[in-house]
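Asker: model-v5.txt is reproduced below (compact mmCIF, C-alpha atoms and all ligand atoms).
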# COMPACT_ATOMS: atom_id res chain seq x y z
CA MET X 519 34.42 -7.34 -14.29
CA ILE X 520 32.75 -5.23 -11.68
CA LYS X 521 30.88 -2.57 -13.64
CA GLN X 522 28.58 -1.35 -10.95
CA ALA X 523 28.90 -1.13 -7.18
CA ASP X 524 26.36 0.52 -4.94
CA PHE X 525 26.40 1.02 -1.20
CA VAL X 526 23.21 -0.49 0.22
CA LYS X 527 23.39 -0.09 3.99
CA SER X 528 25.34 -0.52 7.21
CA ALA X 529 24.38 -2.88 10.00
CA ALA X 530 25.50 -3.07 13.64
CA ASP X 531 23.90 -6.48 14.21
CA ARG X 532 21.58 -9.14 12.81
CA SER X 533 18.59 -6.81 12.79
CA GLY X 534 20.32 -4.80 10.06
CA TRP X 535 21.07 -7.70 7.71
CA ILE X 536 19.24 -7.84 4.40
CA ASP X 537 16.48 -10.42 4.15
CA ASP X 538 16.85 -12.01 0.71
CA ASP X 539 18.82 -14.79 -1.07
CA MET X 540 21.57 -12.77 -2.66
CA PRO X 541 25.06 -14.36 -2.28
CA GLU X 542 27.48 -12.43 -0.09
CA ILE X 543 31.26 -12.35 0.13
CA CYS X 544 32.54 -10.87 3.36
CA PHE X 545 35.82 -8.95 3.43
CA VAL X 546 37.98 -9.18 6.55
CA GLY X 547 41.51 -8.17 7.47
CA ARG X 548 43.73 -6.50 9.96
CA SER X 549 43.36 -2.76 10.30
CA ASN X 550 45.40 -0.86 7.73
CA VAL X 551 45.98 -3.92 5.51
CA GLY X 552 44.37 -2.12 2.56
CA LYS X 553 40.84 -3.48 2.63
CA SER X 554 39.06 -0.27 1.73
CA SER X 555 41.66 0.42 -0.95
CA PHE X 556 41.11 -3.07 -2.40
CA ILE X 557 37.34 -2.60 -2.50
CA ASN X 558 37.91 0.69 -4.28
CA SER X 559 40.37 -0.96 -6.70
CA ILE X 560 38.09 -3.83 -7.71
CA THR X 561 35.09 -1.56 -8.12
CA ASN X 562 37.07 1.17 -9.85
CA ARG X 563 35.66 3.73 -7.48
CA ASN X 564 37.81 6.14 -5.55
CA LYS X 565 35.70 6.64 -2.49
CA LEU X 566 33.26 3.75 -2.33
CA ALA X 567 34.85 2.35 0.80
CA LYS X 568 36.51 5.11 2.74
CA VAL X 569 40.28 4.88 2.86
CA ALA X 570 40.67 5.91 6.44
CA ASN X 571 43.75 7.42 7.96
CA THR X 572 42.62 6.48 11.44
CA PRO X 573 42.65 2.69 11.64
CA GLY X 574 39.88 0.78 13.34
CA LYS X 575 37.19 3.33 12.69
CA THR X 576 34.50 1.28 10.96
CA ARG X 577 32.54 -0.80 13.49
CA LEU X 578 29.70 -1.81 11.22
CA LEU X 579 29.14 -4.28 8.43
CA ASN X 580 28.75 -2.36 5.17
CA PHE X 581 26.77 -3.98 2.36
CA PHE X 582 27.51 -3.22 -1.31
CA ASN X 583 25.45 -4.45 -4.24
CA ILE X 584 27.70 -5.61 -7.11
CA ASN X 585 26.64 -5.47 -10.78
CA LYS X 586 23.01 -4.79 -9.97
CA ASP X 587 22.17 -7.92 -7.95
CA GLU X 588 24.94 -10.32 -9.06
CA PHE X 589 26.24 -10.61 -5.48
CA ARG X 590 27.01 -8.46 -2.45
CA ILE X 591 30.29 -7.46 -0.88
CA VAL X 592 30.13 -7.11 2.89
CA ASP X 593 32.91 -4.97 4.31
CA ALA X 594 33.75 -5.84 7.93
CA PRO X 595 35.68 -3.71 10.43
CA GLY X 596 39.43 -4.24 10.56
CA TYR X 597 40.69 -6.36 13.44
CA GLY X 598 43.86 -6.28 15.51
CA TYR X 599 43.91 -2.56 16.12
CA ALA X 600 45.61 -2.20 19.49
CA LYS X 601 44.10 1.08 20.54
CA ILE X 602 40.43 0.15 20.63
CA SER X 603 38.85 -0.65 24.01
CA LEU X 604 38.32 -4.20 25.18
CA ASP X 605 34.59 -3.57 25.12
CA MET X 606 34.78 -2.66 21.42
CA LYS X 607 36.91 -5.73 20.75
CA LEU X 608 34.32 -7.99 22.36
CA LYS X 609 31.50 -6.32 20.45
CA PHE X 610 33.46 -6.71 17.22
CA GLY X 611 34.08 -10.41 17.92
CA GLU X 612 30.44 -11.03 18.69
CA MET X 613 29.22 -9.22 15.58
CA MET X 614 31.67 -11.09 13.32
CA GLU X 615 31.05 -14.49 14.85
CA GLU X 616 27.31 -14.06 14.54
CA TYR X 617 27.55 -13.03 10.89
CA LEU X 618 30.17 -15.61 9.86
CA THR X 619 28.49 -18.57 11.56
CA SER X 620 24.83 -17.90 10.89
CA ARG X 621 24.42 -15.94 7.66
CA PRO X 622 22.86 -18.20 5.01
CA ASN X 623 23.82 -15.78 2.20
CA LEU X 624 27.55 -16.11 2.96
CA ARG X 625 29.44 -17.89 0.14
CA GLY X 626 32.96 -17.16 1.30
CA VAL X 627 35.34 -14.72 2.89
CA CYS X 628 37.91 -12.56 1.19
CA MET X 629 40.68 -12.19 3.78
CA LEU X 630 43.39 -9.60 3.25
CA VAL X 631 46.93 -9.94 4.57
CA ASP X 632 49.92 -7.65 4.22
CA LEU X 633 52.47 -9.35 1.96
CA ARG X 634 55.35 -7.52 3.60
CA HIS X 635 55.00 -9.28 6.94
CA LYS X 636 54.42 -12.64 8.51
CA PRO X 637 50.68 -12.94 9.30
CA THR X 638 49.91 -11.81 12.87
CA ASN X 639 48.32 -13.99 15.56
CA ASP X 640 45.03 -12.26 14.77
CA ASP X 641 45.38 -13.28 11.12
CA VAL X 642 46.12 -16.88 12.08
CA GLU X 643 43.15 -16.94 14.48
CA MET X 644 40.83 -15.51 11.86
CA TYR X 645 41.89 -18.01 9.19
CA ASN X 646 41.59 -20.89 11.71
CA PHE X 647 38.14 -19.73 12.66
CA LEU X 648 37.06 -19.63 9.02
CA LYS X 649 38.47 -23.09 8.30
CA GLU X 650 36.87 -24.57 11.45
CA ASN X 651 33.57 -23.26 10.18
CA ASP X 652 34.11 -24.68 6.65
CA ILE X 653 34.03 -21.25 5.05
CA PRO X 654 35.83 -20.97 1.67
CA VAL X 655 38.51 -18.27 1.80
CA PHE X 656 40.13 -16.06 -0.80
CA ILE X 657 43.43 -14.76 0.61
CA VAL X 658 44.46 -11.44 -0.93
CA GLY X 659 48.03 -10.38 -0.20
CA THR X 660 48.26 -6.58 -0.43
CA LYS X 661 51.06 -4.06 -0.96
CA LEU X 662 52.85 -6.18 -3.58
CA ASP X 663 54.44 -2.96 -4.87
CA LYS X 664 56.39 -2.68 -1.61
CA LEU X 665 58.22 -5.97 -2.13
CA LYS X 666 61.53 -6.37 -3.87
CA ARG X 667 61.54 -8.86 -6.71
CA ASN X 668 63.43 -11.49 -4.69
CA GLU X 669 61.02 -11.22 -1.74
CA ILE X 670 57.82 -12.01 -3.63
CA SER X 671 57.78 -15.81 -3.62
CA LYS X 672 59.55 -15.99 -0.26
CA ASN X 673 56.87 -13.85 1.37
CA GLU X 674 54.04 -15.74 -0.30
CA LYS X 675 55.49 -18.94 1.15
CA LEU X 676 55.75 -17.39 4.62
CA VAL X 677 52.14 -16.22 4.50
CA LYS X 678 50.88 -19.63 3.38
CA GLN X 679 53.00 -21.56 5.88
CA THR X 680 52.03 -19.33 8.79
CA LEU X 681 48.31 -19.55 8.04
CA LEU X 682 48.46 -23.29 7.21
CA PHE X 683 46.87 -22.28 3.91
CA ASP X 684 44.33 -24.76 2.58
CA GLU X 685 45.13 -25.47 -1.10
CA GLU X 686 41.40 -25.61 -1.86
CA ASP X 687 41.24 -21.89 -1.07
CA TRP X 688 42.25 -19.03 -3.39
CA PHE X 689 45.34 -16.84 -3.17
CA LEU X 690 46.20 -13.63 -5.06
CA LYS X 691 48.94 -11.03 -4.63
CA VAL X 692 47.86 -7.49 -5.48
CA SER X 693 48.88 -3.87 -5.38
CA ASN X 694 46.20 -1.25 -4.85
CA LEU X 695 48.77 1.35 -5.74
CA ASN X 696 49.62 0.24 -9.28
CA LYS X 697 46.61 -2.15 -9.65
CA ASP X 698 48.72 -5.28 -10.20
CA ASN X 699 46.49 -8.40 -10.50
CA ILE X 700 43.35 -6.48 -9.56
CA GLU X 701 41.65 -7.68 -12.76
CA LYS X 702 42.04 -11.31 -11.59
CA ALA X 703 39.89 -10.89 -8.49
CA TYR X 704 36.46 -10.78 -10.13
CA SER X 705 36.55 -14.30 -11.61
CA ILE X 706 37.53 -15.64 -8.18
CA PHE X 707 34.52 -13.93 -6.58
CA ILE X 708 32.29 -15.53 -9.22
CA GLU X 709 33.83 -18.94 -8.55
CA MET X 710 33.12 -18.51 -4.83
CA VAL X 711 29.55 -17.42 -5.46
CA ASN X 712 28.90 -20.41 -7.76
CA LYS X 713 30.73 -22.99 -5.67
CA GLY X 714 28.81 -22.03 -2.56
CA GLU X 715 25.50 -22.26 -4.37
CA SER X 716 26.00 -25.89 -5.37
CA ASN X 717 26.64 -26.95 -1.72
N1 LIG X 801 51.86 0.81 -1.25
C1 LIG X 801 50.61 0.39 -1.04
N2 LIG X 801 49.84 1.01 -0.13
C2 LIG X 801 48.59 0.54 0.07
C3 LIG X 801 48.07 -0.56 -0.66
N3 LIG X 801 46.80 -0.79 -0.23
C4 LIG X 801 46.56 0.15 0.72
N4 LIG X 801 47.61 0.94 0.92
C5 LIG X 801 47.73 2.05 1.90
O1 LIG X 801 47.60 1.52 3.21
C6 LIG X 801 46.86 2.42 4.07
C7 LIG X 801 45.63 1.71 4.64
O2 LIG X 801 44.73 1.43 3.59
P1 LIG X 801 43.15 1.24 3.84
O3 LIG X 801 42.58 0.79 2.54
O4 LIG X 801 42.55 2.40 4.51
O5 LIG X 801 43.19 0.02 4.89
P2 LIG X 801 41.98 -0.69 5.64
O6 LIG X 801 42.37 -2.11 5.74
O7 LIG X 801 40.69 -0.37 5.00
O8 LIG X 801 42.08 -0.02 7.08
P3 LIG X 801 40.90 0.15 8.18
O9 LIG X 801 39.64 0.52 7.51
O10 LIG X 801 41.42 1.22 9.06
O11 LIG X 801 40.82 -1.16 8.91
C8 LIG X 801 46.52 3.62 3.20
O12 LIG X 801 47.49 4.60 3.42
C9 LIG X 801 46.61 3.08 1.77
O13 LIG X 801 46.91 4.07 0.82
C10 LIG X 801 48.92 -1.19 -1.65
O14 LIG X 801 48.57 -2.17 -2.33
N5 LIG X 801 50.17 -0.66 -1.79
MG MG X 802 38.89 0.49 5.78
Could I get this file's structure written as structure tokens?

Answerer:
Amino acid sequence: MIKQADFVKSAADRSGWIDDDMPEICFVGRSNVGKSSFINSITNRNKLAKVANTPGKTRLLNFFNINKDEFRIVDAPGYGYAKISLDMKLKFGEMMEEYLTSRPNLRGVCMLVDLRHKPTNDDVEMYNFLKENDIPVFIVGTKLDKLKRNEISKNEKLVKQTLLFDEEDWFLKVSNLNKDNIEKAYSIFIEMVNKGESN
């Protein structure tokens, strides 16, 4: 269980990263997918990560210390928000690529997708990028509460097929609204942290 979560700092680039050996799990996902809500759900904190009404606002990596030095969560800006400038998009891509390809602390990525819809091209590109770089991925499908009973397994299949989901990765369907399956996330984070360490 996550008993303690503390915001450490924000970083715009490599100069802001923390210089130590603590394992990190980076959270990525399309704007508005429910990333901040999920971070708040798993940490049991209402306002740890801001639940923004304006999508695409965060342009920094935000570092959170979990359970007093067990591991860190790194919250990345949402991607795929149409209204940001091309310049911002390029800066975002550069920042993410630099972090995801050259951060020794990185043990895996927690990637959020909206269970209601087929993953977007941006989602597919992100997952491809992670797999090409041999990064373990934990796919979290959000907004489970919005699905009808008969849509649940159908939509899970569509998400997995569209992403070409790697069966070595992790997959969990959650609702941040009624907290369905939220309690299952922590043990997956720990598995990722431990698996990465033995590599
Ligand atoms: N019904 C339902 N709504 C959700 C769920 N998770 C998030 N939301 C809602 O979706 C909207 C976006 O949630 P955020 O957590 O701000 O999304 P985000 O991915 O952090 O968005 P950005 O920071 O803008 O990229 C908010 O209105 C949330 O209340 C969920 O599991 N179920
Ligand atoms: Mg957010």

Asker: Kindly give the distance, in Å, that separates atom N3 of ligand LIG 801 (chain X) and atom CA of Lys661 of chain X, rounded to a single decimal.

Answerer: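 According to the coordinates, atom N3 of ligand LIG 801 (chain X) and atom CA of Lys661 of chain X are separated by 5.4 Å.
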
Asker: For Arg563 of chain X, which of X:Arg577, X:Lys521, X:Lys527, X:Arg621 is the closest residue, counting only C-alpha atoms?

Answerer: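 The shortest atom-to-atom distance to Arg563 of chain X comes from X:Lys521.
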
Asker: Would you mind telling me which residue in X:Asp593, X:Asp538, X:Glu686, X:Asp640 lies nearest to ligand MG 802 (chain X) when using only C-alpha atoms and all ligand atoms?

Answerer: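 Looking at the shortest contact to ligand MG 802 (chain X), the residue is X:Asp593.
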
Asker: Go through X:Lys601, X:Lys649, X:Arg634, X:Lys609 one by one, measure the shortest atom-to-atom distance of each to Lys666 of chain X using all atoms listed in the file, and give the residue with the smallest value.

Answerer: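 Residue with the minimum atom-to-atom distance to Lys666 of chain X: X:Arg634.
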
Asker: What residues have an atom no more than 12 Å from (43.6, -16.9, 14.3) in the file's own frame, counting all atoms listed in the file, and can you write them as a list in words?

Answerer: Gly547, Arg548, Tyr597, Gly598, Met629, Pro637, Thr638, Asn639, Asp640, Asp641, Val642, Glu643, Met644, Tyr645, Asn646, Phe647, Leu648, Lys649, Glu650, Thr680, Leu681 and Leu682 of chain X

Asker: Identify, counting all atoms listed in the file, the protein, DNA and RNA residues located within 10 Å of ligand LIG 801 (chain X), and give them as number ranges by chain.

Answerer: X: 545-559, 567-577, 593-599, 630-633, 659-665, 691-698, 700

Asker: Would you write out those residues with C-alpha atoms, as a PDB file, in the frame of the given file?

Answerer:
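Below is the file result08.pdb, written as the result:
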ATOM      1  CA  PHE X 545      35.820  -8.950   3.430  1.00  0.00           C
ATOM      2  CA  VAL X 546      37.980  -9.180   6.550  1.00  0.00           C
ATOM      3  CA  GLY X 547      41.510  -8.170   7.470  1.00  0.00           C
ATOM      4  CA  ARG X 548      43.730  -6.500   9.960  1.00  0.00           C
ATOM      5  CA  SER X 549      43.360  -2.760  10.300  1.00  0.00           C
ATOM      6  CA  ASN X 550      45.400  -0.860   7.730  1.00  0.00           C
ATOM      7  CA  VAL X 551      45.980  -3.920   5.510  1.00  0.00           C
ATOM      8  CA  GLY X 552      44.370  -2.120   2.560  1.00  0.00           C
ATOM      9  CA  LYS X 553      40.840  -3.480   2.630  1.00  0.00           C
ATOM     10  CA  SER X 554      39.060  -0.270   1.730  1.00  0.00           C
ATOM     11  CA  SER X 555      41.660   0.420  -0.950  1.00  0.00           C
ATOM     12  CA  PHE X 556      41.110  -3.070  -2.400  1.00  0.00           C
ATOM     13  CA  ILE X 557      37.340  -2.600  -2.500  1.00  0.00           C
ATOM     14  CA  ASN X 558      37.910   0.690  -4.280  1.00  0.00           C
ATOM     15  CA  SER X 559      40.370  -0.960  -6.700  1.00  0.00           C
ATOM     16  CA  ALA X 567      34.850   2.350   0.800  1.00  0.00           C
ATOM     17  CA  LYS X 568      36.510   5.110   2.740  1.00  0.00           C
ATOM     18  CA  VAL X 569      40.280   4.880   2.860  1.00  0.00           C
ATOM     19  CA  ALA X 570      40.670   5.910   6.440  1.00  0.00           C
ATOM     20  CA  ASN X 571      43.750   7.420   7.960  1.00  0.00           C
ATOM     21  CA  THR X 572      42.620   6.480  11.440  1.00  0.00           C
ATOM     22  CA  PRO X 573      42.650   2.690  11.640  1.00  0.00           C
ATOM     23  CA  GLY X 574      39.880   0.780  13.340  1.00  0.00           C
ATOM     24  CA  LYS X 575      37.190   3.330  12.690  1.00  0.00           C
ATOM     25  CA  THR X 576      34.500   1.280  10.960  1.00  0.00           C
ATOM     26  CA  ARG X 577      32.540  -0.800  13.490  1.00  0.00           C
ATOM     27  CA  ASP X 593      32.910  -4.970   4.310  1.00  0.00           C
ATOM     28  CA  ALA X 594      33.750  -5.840   7.930  1.00  0.00           C
ATOM     29  CA  PRO X 595      35.680  -3.710  10.430  1.00  0.00           C
ATOM     30  CA  GLY X 596      39.430  -4.240  10.560  1.00  0.00           C
ATOM     31  CA  TYR X 597      40.690  -6.360  13.440  1.00  0.00           C
ATOM     32  CA  GLY X 598      43.860  -6.280  15.510  1.00  0.00           C
ATOM     33  CA  TYR X 599      43.910  -2.560  16.120  1.00  0.00           C
ATOM     34  CA  LEU X 630      43.390  -9.600   3.250  1.00  0.00           C
ATOM     35  CA  VAL X 631      46.930  -9.940   4.570  1.00  0.00           C
ATOM     36  CA  ASP X 632      49.920  -7.650   4.220  1.00  0.00           C
ATOM     37  CA  LEU X 633      52.470  -9.350   1.960  1.00  0.00           C
ATOM     38  CA  GLY X 659      48.030 -10.380  -0.200  1.00  0.00           C
ATOM     39  CA  THR X 660      48.260  -6.580  -0.430  1.00  0.00           C
ATOM     40  CA  LYS X 661      51.060  -4.060  -0.960  1.00  0.00           C
ATOM     41  CA  LEU X 662      52.850  -6.180  -3.580  1.00  0.00           C
ATOM     42  CA  ASP X 663      54.440  -2.960  -4.870  1.00  0.00           C
ATOM     43  CA  LYS X 664      56.390  -2.680  -1.610  1.00  0.00           C
ATOM     44  CA  LEU X 665      58.220  -5.970  -2.130  1.00  0.00           C
ATOM     45  CA  LYS X 691      48.940 -11.030  -4.630  1.00  0.00           C
ATOM     46  CA  VAL X 692      47.860  -7.490  -5.480  1.00  0.00           C
ATOM     47  CA  SER X 693      48.880  -3.870  -5.380  1.00  0.00           C
ATOM     48  CA  ASN X 694      46.200  -1.250  -4.850  1.00  0.00           C
ATOM     49  CA  LEU X 695      48.770   1.350  -5.740  1.00  0.00           C
ATOM     50  CA  ASN X 696      49.620   0.240  -9.280  1.00  0.00           C
ATOM     51  CA  LYS X 697      46.610  -2.150  -9.650  1.00  0.00           C
ATOM     52  CA  ASP X 698      48.720  -5.280 -10.200  1.00  0.00           C
ATOM     53  CA  ILE X 700      43.350  -6.480  -9.560  1.00  0.00           C
TER      54      ILE X 700
END

Asker: Hey, what's within 9 Å of Pro654 of chain X if we count all atoms listed in the file and toss same-chain stuff fewer than 2 positions away? As a PDB file with C-alpha atoms, keeping the file's coordinate frame, please?

Answerer:
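around.pdb written:
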ATOM      1  CA  ARG X 625      29.440 -17.890   0.140  1.00  0.00           C
ATOM      2  CA  GLY X 626      32.960 -17.160   1.300  1.00  0.00           C
ATOM      3  CA  VAL X 627      35.340 -14.720   2.890  1.00  0.00           C
ATOM      4  CA  CYS X 628      37.910 -12.560   1.190  1.00  0.00           C
ATOM      5  CA  LEU X 648      37.060 -19.630   9.020  1.00  0.00           C
ATOM      6  CA  LYS X 649      38.470 -23.090   8.300  1.00  0.00           C
ATOM      7  CA  ASP X 652      34.110 -24.680   6.650  1.00  0.00           C
ATOM      8  CA  PHE X 656      40.130 -16.060  -0.800  1.00  0.00           C
ATOM      9  CA  GLU X 686      41.400 -25.610  -1.860  1.00  0.00           C
ATOM     10  CA  ASP X 687      41.240 -21.890  -1.070  1.00  0.00           C
ATOM     11  CA  TRP X 688      42.250 -19.030  -3.390  1.00  0.00           C
ATOM     12  CA  MET X 710      33.120 -18.510  -4.830  1.00  0.00           C
ATOM     13  CA  GLY X 714      28.810 -22.030  -2.560  1.00  0.00           C
TER      14      GLY X 714
END

Asker: Ranking X:Ile560, X:Met613, X:Pro541, X:Val592 by minimum distance to Ser528 of chain X and counting all atoms listed in the file, which one comes first?

Answerer: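 Residue with the minimum atom-to-atom distance to Ser528 of chain X: X:Val592.
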
Asker: Here is a test: counting only C-alpha atoms, which residue of X:Asn564, X:Gln679, X:Asn623, X:Asn651 is nearest to Val711 of chain X?

Answerer: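 Using only C-alpha atoms, Val711 of chain X sits closest to X:Asn623.
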
Asker: To one decimal place, how far is atom CA of Thr619 of chain X from atom CA of Ile543 of chain X in Å?

Answerer: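 Going from atom CA of Thr619 of chain X over to atom CA of Ile543 of chain X, I get 13.3 Å.
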
Asker: By how many Å are atom CA of Thr561 of chain X and atom CA of Ala523 of chain X apart?

Answerer: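 Atom CA of Ala523 of chain X lies 6.3 Å from atom CA of Thr561 of chain X.
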
Asker: Out of X:Ile602, X:Glu685, X:Phe581, X:Ala703, which residue has the shortest atom-to-atom distance to Ala530 of chain X when counting only C-alpha atoms?

Answerer: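 Smallest separation from Ala530 of chain X among the options: X:Phe581.
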
Asker: Please report, as JSON, the centre and edge lengths in Å to one decimal of an axis-aligned box covering all listed atoms of segment 522-534 of chain X with 5 Å per side.

Answerer:
{"center_x": 23.7, "center_y": -4.1, "center_z": 1.6, "size_x": 20.3, "size_y": 20.2, "size_z": 35.2}

Asker: Taking (30.0, -14.6, -10.7) in the file's coordinates, which residues come within 10 Å, counting only C-alpha atoms, written as a PyMOL selection string?

Answerer: chain X and resi 519-520+541+584-585+588-589+704-713
